[in-house]
$ cat start19.txt   # compact mmCIF, N, CA and C atoms
# COMPACT_ATOMS: atom_id res chain seq x y z
N MET A 16 -46.81 -79.94 -33.15
CA MET A 16 -47.95 -80.84 -33.20
C MET A 16 -48.00 -81.43 -34.61
N THR A 17 -47.95 -82.75 -34.67
CA THR A 17 -47.97 -83.46 -35.94
C THR A 17 -49.41 -83.78 -36.32
N THR A 18 -49.77 -83.44 -37.56
CA THR A 18 -51.12 -83.71 -38.05
C THR A 18 -51.04 -84.52 -39.34
N ARG A 19 -52.18 -85.10 -39.68
CA ARG A 19 -52.29 -85.87 -40.91
C ARG A 19 -53.71 -85.70 -41.45
N GLN A 20 -53.85 -85.60 -42.74
CA GLN A 20 -55.15 -85.50 -43.38
C GLN A 20 -55.62 -86.90 -43.79
N PHE A 21 -56.79 -87.28 -43.32
CA PHE A 21 -57.37 -88.58 -43.68
C PHE A 21 -58.57 -88.35 -44.60
N PRO A 22 -58.65 -89.07 -45.72
CA PRO A 22 -59.87 -89.01 -46.52
C PRO A 22 -61.03 -89.57 -45.70
N ARG A 23 -62.22 -89.00 -45.87
CA ARG A 23 -63.39 -89.47 -45.13
C ARG A 23 -63.64 -90.95 -45.34
N GLU A 24 -63.41 -91.45 -46.55
CA GLU A 24 -63.64 -92.86 -46.84
C GLU A 24 -62.73 -93.75 -46.01
N HIS A 25 -61.50 -93.30 -45.78
CA HIS A 25 -60.55 -94.06 -44.97
C HIS A 25 -61.07 -94.17 -43.53
N LEU A 26 -61.56 -93.06 -42.99
CA LEU A 26 -62.09 -93.07 -41.62
C LEU A 26 -63.34 -93.95 -41.53
N THR A 27 -64.21 -93.87 -42.53
CA THR A 27 -65.41 -94.69 -42.54
C THR A 27 -65.05 -96.17 -42.54
N ALA A 28 -64.04 -96.55 -43.31
CA ALA A 28 -63.60 -97.95 -43.36
C ALA A 28 -63.08 -98.43 -42.00
N LEU A 29 -62.54 -97.51 -41.20
CA LEU A 29 -62.04 -97.86 -39.87
C LEU A 29 -63.14 -97.82 -38.80
N GLY A 30 -64.35 -97.39 -39.19
CA GLY A 30 -65.45 -97.29 -38.23
C GLY A 30 -65.43 -95.99 -37.45
N ILE A 31 -64.90 -94.94 -38.06
CA ILE A 31 -64.80 -93.63 -37.41
C ILE A 31 -65.75 -92.67 -38.09
N PRO A 32 -66.58 -91.96 -37.35
CA PRO A 32 -66.77 -92.09 -35.92
C PRO A 32 -67.62 -93.30 -35.59
N PRO A 33 -67.47 -93.86 -34.41
CA PRO A 33 -68.28 -95.03 -34.03
C PRO A 33 -69.74 -94.64 -33.84
N ASP A 34 -70.63 -95.60 -34.02
CA ASP A 34 -72.06 -95.35 -33.79
C ASP A 34 -72.34 -95.11 -32.31
N SER A 35 -71.54 -95.71 -31.45
CA SER A 35 -71.70 -95.58 -30.01
C SER A 35 -70.31 -95.66 -29.37
N PRO A 36 -70.08 -94.97 -28.25
CA PRO A 36 -68.79 -95.09 -27.57
C PRO A 36 -68.45 -96.53 -27.19
N ARG A 37 -69.46 -97.38 -27.02
CA ARG A 37 -69.21 -98.79 -26.68
C ARG A 37 -68.64 -99.59 -27.86
N ASP A 38 -68.71 -99.04 -29.07
CA ASP A 38 -68.20 -99.75 -30.25
C ASP A 38 -66.70 -99.95 -30.22
N ILE A 39 -65.98 -99.19 -29.39
CA ILE A 39 -64.53 -99.35 -29.36
C ILE A 39 -64.12 -100.70 -28.79
N GLU A 40 -65.01 -101.33 -28.02
CA GLU A 40 -64.69 -102.63 -27.44
C GLU A 40 -64.58 -103.71 -28.50
N CYS A 41 -65.21 -103.52 -29.65
CA CYS A 41 -65.24 -104.52 -30.71
C CYS A 41 -64.30 -104.20 -31.86
N SER A 42 -63.51 -103.15 -31.76
CA SER A 42 -62.68 -102.70 -32.87
C SER A 42 -61.21 -102.92 -32.56
N GLU A 43 -60.47 -103.31 -33.57
CA GLU A 43 -59.03 -103.48 -33.39
C GLU A 43 -58.28 -102.16 -33.57
N HIS A 44 -58.93 -101.14 -34.17
CA HIS A 44 -58.25 -99.87 -34.44
C HIS A 44 -58.69 -98.75 -33.50
N LEU A 45 -59.92 -98.78 -33.00
CA LEU A 45 -60.41 -97.72 -32.12
C LEU A 45 -59.95 -97.97 -30.69
N LEU A 46 -59.38 -96.95 -30.07
CA LEU A 46 -58.84 -97.09 -28.72
C LEU A 46 -59.69 -96.38 -27.66
N ALA A 47 -60.30 -95.24 -28.02
CA ALA A 47 -61.11 -94.49 -27.07
C ALA A 47 -62.06 -93.57 -27.82
N ASP A 48 -63.18 -93.26 -27.18
CA ASP A 48 -64.14 -92.29 -27.70
C ASP A 48 -64.53 -91.41 -26.52
N GLU A 49 -64.05 -90.17 -26.51
CA GLU A 49 -64.17 -89.30 -25.35
C GLU A 49 -65.11 -88.13 -25.59
N HIS A 50 -65.87 -87.79 -24.56
CA HIS A 50 -66.70 -86.59 -24.61
C HIS A 50 -65.80 -85.37 -24.44
N VAL A 51 -65.98 -84.34 -25.28
CA VAL A 51 -65.19 -83.12 -25.18
C VAL A 51 -66.03 -81.98 -24.61
N THR A 52 -67.17 -81.68 -25.25
CA THR A 52 -68.03 -80.59 -24.79
C THR A 52 -69.43 -80.74 -25.38
N VAL A 53 -70.36 -79.99 -24.83
CA VAL A 53 -71.73 -79.96 -25.35
C VAL A 53 -71.90 -78.66 -26.12
N LEU A 54 -72.38 -78.78 -27.35
CA LEU A 54 -72.69 -77.62 -28.18
C LEU A 54 -74.19 -77.35 -28.08
N LYS A 55 -74.71 -76.44 -28.85
CA LYS A 55 -76.11 -76.07 -28.72
C LYS A 55 -77.05 -77.24 -29.03
N TYR A 56 -76.84 -77.95 -30.13
CA TYR A 56 -77.72 -79.04 -30.52
C TYR A 56 -76.98 -80.38 -30.66
N SER A 57 -75.73 -80.43 -30.31
CA SER A 57 -74.95 -81.66 -30.47
C SER A 57 -73.85 -81.69 -29.41
N GLN A 58 -73.08 -82.75 -29.43
CA GLN A 58 -71.93 -82.86 -28.54
C GLN A 58 -70.68 -83.04 -29.39
N GLN A 59 -69.58 -82.52 -28.90
CA GLN A 59 -68.32 -82.72 -29.58
C GLN A 59 -67.59 -83.86 -28.88
N ARG A 60 -67.09 -84.81 -29.67
CA ARG A 60 -66.40 -85.98 -29.13
C ARG A 60 -65.04 -86.11 -29.83
N ARG A 61 -64.17 -86.89 -29.23
CA ARG A 61 -62.85 -87.15 -29.80
C ARG A 61 -62.62 -88.64 -29.81
N VAL A 62 -62.34 -89.18 -30.99
CA VAL A 62 -62.06 -90.60 -31.11
C VAL A 62 -60.55 -90.77 -31.31
N ILE A 63 -59.98 -91.72 -30.57
CA ILE A 63 -58.56 -92.05 -30.65
C ILE A 63 -58.47 -93.38 -31.40
N PHE A 64 -57.59 -93.43 -32.40
CA PHE A 64 -57.47 -94.65 -33.20
C PHE A 64 -56.05 -94.86 -33.67
N GLU A 65 -55.76 -96.10 -34.01
CA GLU A 65 -54.46 -96.46 -34.58
C GLU A 65 -54.64 -96.63 -36.07
N ALA A 66 -53.84 -95.91 -36.84
CA ALA A 66 -53.90 -96.02 -38.30
C ALA A 66 -53.16 -97.29 -38.71
N PRO A 67 -53.81 -98.21 -39.43
CA PRO A 67 -53.17 -99.47 -39.77
C PRO A 67 -52.02 -99.33 -40.76
N ASP A 68 -51.99 -98.26 -41.55
CA ASP A 68 -50.94 -98.13 -42.56
C ASP A 68 -49.60 -97.65 -42.00
N ASP A 69 -49.61 -96.86 -40.91
CA ASP A 69 -48.35 -96.41 -40.34
C ASP A 69 -48.16 -96.79 -38.87
N GLY A 70 -49.19 -97.37 -38.23
CA GLY A 70 -49.08 -97.83 -36.85
C GLY A 70 -49.07 -96.72 -35.82
N LEU A 71 -49.30 -95.47 -36.24
CA LEU A 71 -49.31 -94.35 -35.30
C LEU A 71 -50.72 -94.13 -34.76
N THR A 72 -50.82 -93.43 -33.63
CA THR A 72 -52.10 -93.18 -32.98
C THR A 72 -52.51 -91.73 -33.24
N TYR A 73 -53.79 -91.55 -33.62
CA TYR A 73 -54.31 -90.23 -33.97
C TYR A 73 -55.61 -89.96 -33.22
N ALA A 74 -55.95 -88.66 -33.13
CA ALA A 74 -57.21 -88.22 -32.54
C ALA A 74 -57.95 -87.37 -33.57
N VAL A 75 -59.26 -87.60 -33.68
CA VAL A 75 -60.12 -86.84 -34.59
C VAL A 75 -61.31 -86.33 -33.80
N LEU A 76 -61.63 -85.03 -33.94
CA LEU A 76 -62.82 -84.47 -33.34
C LEU A 76 -64.00 -84.68 -34.28
N TYR A 77 -65.18 -84.94 -33.69
CA TYR A 77 -66.40 -85.04 -34.50
C TYR A 77 -67.59 -84.63 -33.66
N GLU A 78 -68.69 -84.34 -34.32
CA GLU A 78 -69.92 -83.98 -33.63
C GLU A 78 -70.90 -85.15 -33.70
N ALA A 79 -71.61 -85.36 -32.61
CA ALA A 79 -72.60 -86.44 -32.51
C ALA A 79 -73.88 -85.88 -31.90
N PRO A 80 -75.01 -86.55 -32.14
CA PRO A 80 -76.25 -86.10 -31.51
C PRO A 80 -76.16 -86.20 -30.00
N LEU A 81 -76.90 -85.33 -29.32
CA LEU A 81 -76.99 -85.41 -27.86
C LEU A 81 -77.84 -86.60 -27.47
N ASP A 82 -77.47 -87.28 -26.41
CA ASP A 82 -78.25 -88.39 -25.89
C ASP A 82 -78.96 -87.89 -24.64
N VAL A 83 -80.17 -87.34 -24.85
CA VAL A 83 -80.91 -86.75 -23.73
C VAL A 83 -82.27 -87.40 -23.54
N GLY A 84 -82.40 -88.63 -23.93
CA GLY A 84 -83.65 -89.36 -23.71
C GLY A 84 -84.77 -88.85 -24.59
N ASP A 85 -85.91 -88.52 -23.96
CA ASP A 85 -87.10 -88.12 -24.70
C ASP A 85 -87.16 -86.63 -25.01
N PHE A 86 -86.19 -85.87 -24.61
CA PHE A 86 -86.24 -84.43 -24.85
C PHE A 86 -85.89 -84.11 -26.29
N GLU A 87 -86.56 -83.12 -26.85
CA GLU A 87 -86.31 -82.71 -28.23
C GLU A 87 -85.13 -81.76 -28.27
N VAL A 88 -84.14 -82.05 -29.11
CA VAL A 88 -82.94 -81.22 -29.17
C VAL A 88 -82.60 -80.77 -30.59
N GLY A 89 -83.52 -80.81 -31.49
CA GLY A 89 -83.23 -80.37 -32.85
C GLY A 89 -83.54 -81.45 -33.85
N ASP A 90 -82.84 -81.42 -34.97
CA ASP A 90 -83.16 -82.31 -36.09
C ASP A 90 -82.42 -83.64 -36.09
N GLY A 91 -81.79 -84.03 -35.00
CA GLY A 91 -81.19 -85.35 -34.93
C GLY A 91 -79.70 -85.42 -35.06
N GLY A 92 -79.04 -84.30 -35.19
CA GLY A 92 -77.58 -84.34 -35.20
C GLY A 92 -76.98 -83.52 -36.31
N PRO A 93 -75.70 -83.30 -36.24
CA PRO A 93 -75.00 -82.47 -37.21
C PRO A 93 -74.82 -83.18 -38.54
N ALA A 94 -74.76 -82.41 -39.59
CA ALA A 94 -74.49 -82.99 -40.91
C ALA A 94 -73.00 -83.30 -41.03
N ASP A 95 -72.69 -84.46 -41.54
CA ASP A 95 -71.30 -84.86 -41.80
C ASP A 95 -70.39 -84.77 -40.59
N TYR A 96 -70.93 -85.00 -39.38
CA TYR A 96 -70.15 -85.03 -38.14
C TYR A 96 -69.41 -83.73 -37.87
N GLY A 97 -69.83 -82.63 -38.51
CA GLY A 97 -69.14 -81.36 -38.35
C GLY A 97 -67.88 -81.26 -39.18
N TRP A 98 -67.66 -82.20 -40.08
CA TRP A 98 -66.49 -82.20 -40.95
C TRP A 98 -66.83 -81.47 -42.25
N TYR A 99 -65.90 -80.69 -42.76
CA TYR A 99 -66.09 -79.96 -44.01
C TYR A 99 -64.98 -80.36 -44.97
N GLY A 100 -65.32 -80.62 -46.20
CA GLY A 100 -64.32 -80.98 -47.19
C GLY A 100 -64.13 -82.48 -47.28
N PRO A 101 -63.30 -82.91 -48.24
CA PRO A 101 -63.11 -84.36 -48.47
C PRO A 101 -62.16 -85.03 -47.49
N THR A 102 -61.39 -84.24 -46.72
CA THR A 102 -60.46 -84.84 -45.76
C THR A 102 -60.73 -84.30 -44.36
N VAL A 103 -60.24 -85.03 -43.37
CA VAL A 103 -60.40 -84.67 -41.96
C VAL A 103 -59.01 -84.62 -41.33
N GLU A 104 -58.73 -83.53 -40.60
CA GLU A 104 -57.43 -83.41 -39.95
C GLU A 104 -57.40 -84.20 -38.65
N ALA A 105 -56.36 -85.01 -38.50
CA ALA A 105 -56.15 -85.79 -37.28
C ALA A 105 -54.83 -85.35 -36.65
N VAL A 106 -54.78 -85.37 -35.33
CA VAL A 106 -53.59 -85.00 -34.59
C VAL A 106 -52.96 -86.27 -34.04
N GLU A 107 -51.64 -86.42 -34.24
CA GLU A 107 -50.96 -87.57 -33.67
C GLU A 107 -50.92 -87.42 -32.15
N VAL A 108 -51.28 -88.49 -31.43
CA VAL A 108 -51.34 -88.46 -29.97
C VAL A 108 -50.61 -89.66 -29.39
N GLU A 109 -50.28 -89.56 -28.11
CA GLU A 109 -49.70 -90.67 -27.38
C GLU A 109 -50.33 -90.70 -26.00
N GLU A 110 -50.38 -91.88 -25.42
CA GLU A 110 -50.92 -92.01 -24.07
C GLU A 110 -49.85 -91.57 -23.09
N ARG A 111 -50.23 -90.66 -22.19
CA ARG A 111 -49.28 -90.13 -21.23
C ARG A 111 -50.02 -89.84 -19.92
N ARG A 112 -49.42 -90.17 -18.80
CA ARG A 112 -50.00 -89.88 -17.49
C ARG A 112 -49.88 -88.38 -17.25
N VAL A 113 -51.00 -87.75 -16.83
CA VAL A 113 -51.04 -86.31 -16.59
C VAL A 113 -51.56 -86.08 -15.17
N THR A 114 -50.85 -85.29 -14.39
CA THR A 114 -51.29 -84.95 -13.05
C THR A 114 -52.20 -83.73 -13.12
N VAL A 115 -53.35 -83.82 -12.45
CA VAL A 115 -54.32 -82.73 -12.46
C VAL A 115 -54.57 -82.28 -11.02
N THR A 116 -54.56 -80.97 -10.80
CA THR A 116 -54.87 -80.41 -9.49
C THR A 116 -56.33 -80.00 -9.48
N ARG A 117 -57.07 -80.43 -8.44
CA ARG A 117 -58.49 -80.12 -8.31
C ARG A 117 -58.79 -79.69 -6.89
N TRP A 118 -59.86 -78.94 -6.73
CA TRP A 118 -60.37 -78.58 -5.42
C TRP A 118 -61.34 -79.68 -4.99
N VAL A 119 -61.09 -80.27 -3.82
CA VAL A 119 -61.93 -81.34 -3.32
C VAL A 119 -62.39 -81.02 -1.91
N PRO A 120 -63.48 -81.61 -1.44
CA PRO A 120 -63.94 -81.35 -0.07
C PRO A 120 -62.93 -81.82 0.96
N VAL A 121 -62.90 -81.13 2.10
CA VAL A 121 -62.04 -81.49 3.20
C VAL A 121 -62.58 -82.74 3.85
N ASP A 122 -61.71 -83.72 4.13
CA ASP A 122 -62.14 -84.99 4.71
C ASP A 122 -62.49 -84.88 6.20
N THR A 123 -61.77 -84.07 6.94
CA THR A 123 -62.01 -83.96 8.38
C THR A 123 -62.46 -82.55 8.71
N PRO A 124 -63.45 -82.43 9.63
CA PRO A 124 -63.89 -81.08 10.03
C PRO A 124 -62.81 -80.39 10.86
N ARG A 125 -62.80 -79.07 10.81
CA ARG A 125 -61.80 -78.30 11.57
C ARG A 125 -62.38 -77.77 12.84
$ encode --input "start19.txt" --output "structure tokens"
Amino acid sequence: MTTRQFPREHLTALGIPPDSPRDIECSEHLLADEHVTVLKYSQQRRVIFEAPDDGLTYAVLYEAPLDVGDFEVGDGGPADYGWYGPTVEAVEVEERRVTVTRWVPVDTPR
């Protein structure tokens, strides 16, 4: 697994993390913003982006506030997107078709 350390300022200049998952539609570098899991007071998300300096595609995990409407969920979100230190580790990724097996309802009664 290939990783790269990005300074926080570099990610901020690229618009990472986005203010909203819909922001990827307006960005030339952001490719996807995916929900990963729900934590106690926040959600973990993964943003996929193309680094303009090397043309490779990377994924970065970050924490964002929960979007639960009028319900109170804490103080408004994690500090520093859950990132610690001056750099953030990104994993090099590629788009690949993956087959997933799932249990689904039977279409015809027996």
$ closest_residue --input "start19.txt" --among "A:Glu40, A:Glu49, A:Glu104, A:Asp122" --to "Pro22 (chain A)" --atoms "only C-alpha atoms"
A:Glu104
$ closest_residue --input "start19.txt" --among "A:His44, A:His50, A:Lys55, A:Arg37" --to "Pro67 (chain A)" --atoms "only N, CA and C atoms"
A:His44
$ residues_around --input "start19.txt" --residues "Ala74 (chain A)" --least-positions-apart "6" --cutoff "9 Å" --atoms "only C-alpha atoms" --output "mmCIF file with N, CA and C atoms, keeping the file's coordinate frame"
data_model
loop_
_atom_site.group_PDB
_atom_site.id
_atom_site.type_symbol
_atom_site.label_atom_id
_atom_site.label_comp_id
_atom_site.auth_asym_id
_atom_site.auth_seq_id
_atom_site.Cartn_x
_atom_site.Cartn_y
_atom_site.Cartn_z
ATOM 1 N N ARG A 61 -64.170 -86.890 -29.230
ATOM 2 C CA ARG A 61 -62.850 -87.150 -29.800
ATOM 3 C C ARG A 61 -62.620 -88.640 -29.810
ATOM 4 N N VAL A 62 -62.340 -89.180 -30.990
ATOM 5 C CA VAL A 62 -62.060 -90.600 -31.110
ATOM 6 C C VAL A 62 -60.550 -90.770 -31.310
ATOM 7 N N ILE A 63 -59.980 -91.720 -30.570
ATOM 8 C CA ILE A 63 -58.560 -92.050 -30.650
ATOM 9 C C ILE A 63 -58.470 -93.380 -31.400
ATOM 10 N N PHE A 64 -57.590 -93.430 -32.400
ATOM 11 C CA PHE A 64 -57.470 -94.650 -33.200
ATOM 12 C C PHE A 64 -56.050 -94.860 -33.670
ATOM 13 N N GLU A 65 -55.760 -96.100 -34.010
ATOM 14 C CA GLU A 65 -54.460 -96.460 -34.580
ATOM 15 C C GLU A 65 -54.640 -96.630 -36.070
ATOM 16 N N GLU A 104 -58.730 -83.530 -40.600
ATOM 17 C CA GLU A 104 -57.430 -83.410 -39.950
ATOM 18 C C GLU A 104 -57.400 -84.200 -38.650
ATOM 19 N N ALA A 105 -56.360 -85.010 -38.500
ATOM 20 C CA ALA A 105 -56.150 -85.790 -37.280
ATOM 21 C C ALA A 105 -54.830 -85.350 -36.650
ATOM 22 N N VAL A 106 -54.780 -85.370 -35.330
ATOM 23 C CA VAL A 106 -53.590 -85.000 -34.590
ATOM 24 C C VAL A 106 -52.960 -86.270 -34.040
ATOM 25 N N GLU A 107 -51.640 -86.420 -34.240
ATOM 26 C CA GLU A 107 -50.960 -87.570 -33.670
ATOM 27 C C GLU A 107 -50.920 -87.420 -32.150
ATOM 28 N N VAL A 108 -51.280 -88.490 -31.430
ATOM 29 C CA VAL A 108 -51.340 -88.460 -29.970
ATOM 30 C C VAL A 108 -50.610 -89.660 -29.390
#
$ atom_distance --input "start19.txt" --atom1 "CA of Ile39 (chain A)" --atom2 "atom C of Arg23 (chain A)"
18.1 Å
$ select_by_dssp --input "start19.txt" --residues "chain A" --states "strand (DSSP E or B)" --output "PyMOL selection string"
chain A and resi 18-22+45-53+57-65+72-80+102-107
$ atom_distance --input "start19.txt" --atom1 "atom C of Pro33 (chain A)" --atom2 "CA of Leu81 (chain A)"
13.2 Å
$ closest_residue --input "start19.txt" --among "A:Tyr73, A:Asp68, A:Ala79, A:Val113" --to "Tyr96 (chain A)" --atoms "all atoms listed in the file"
A:Ala79
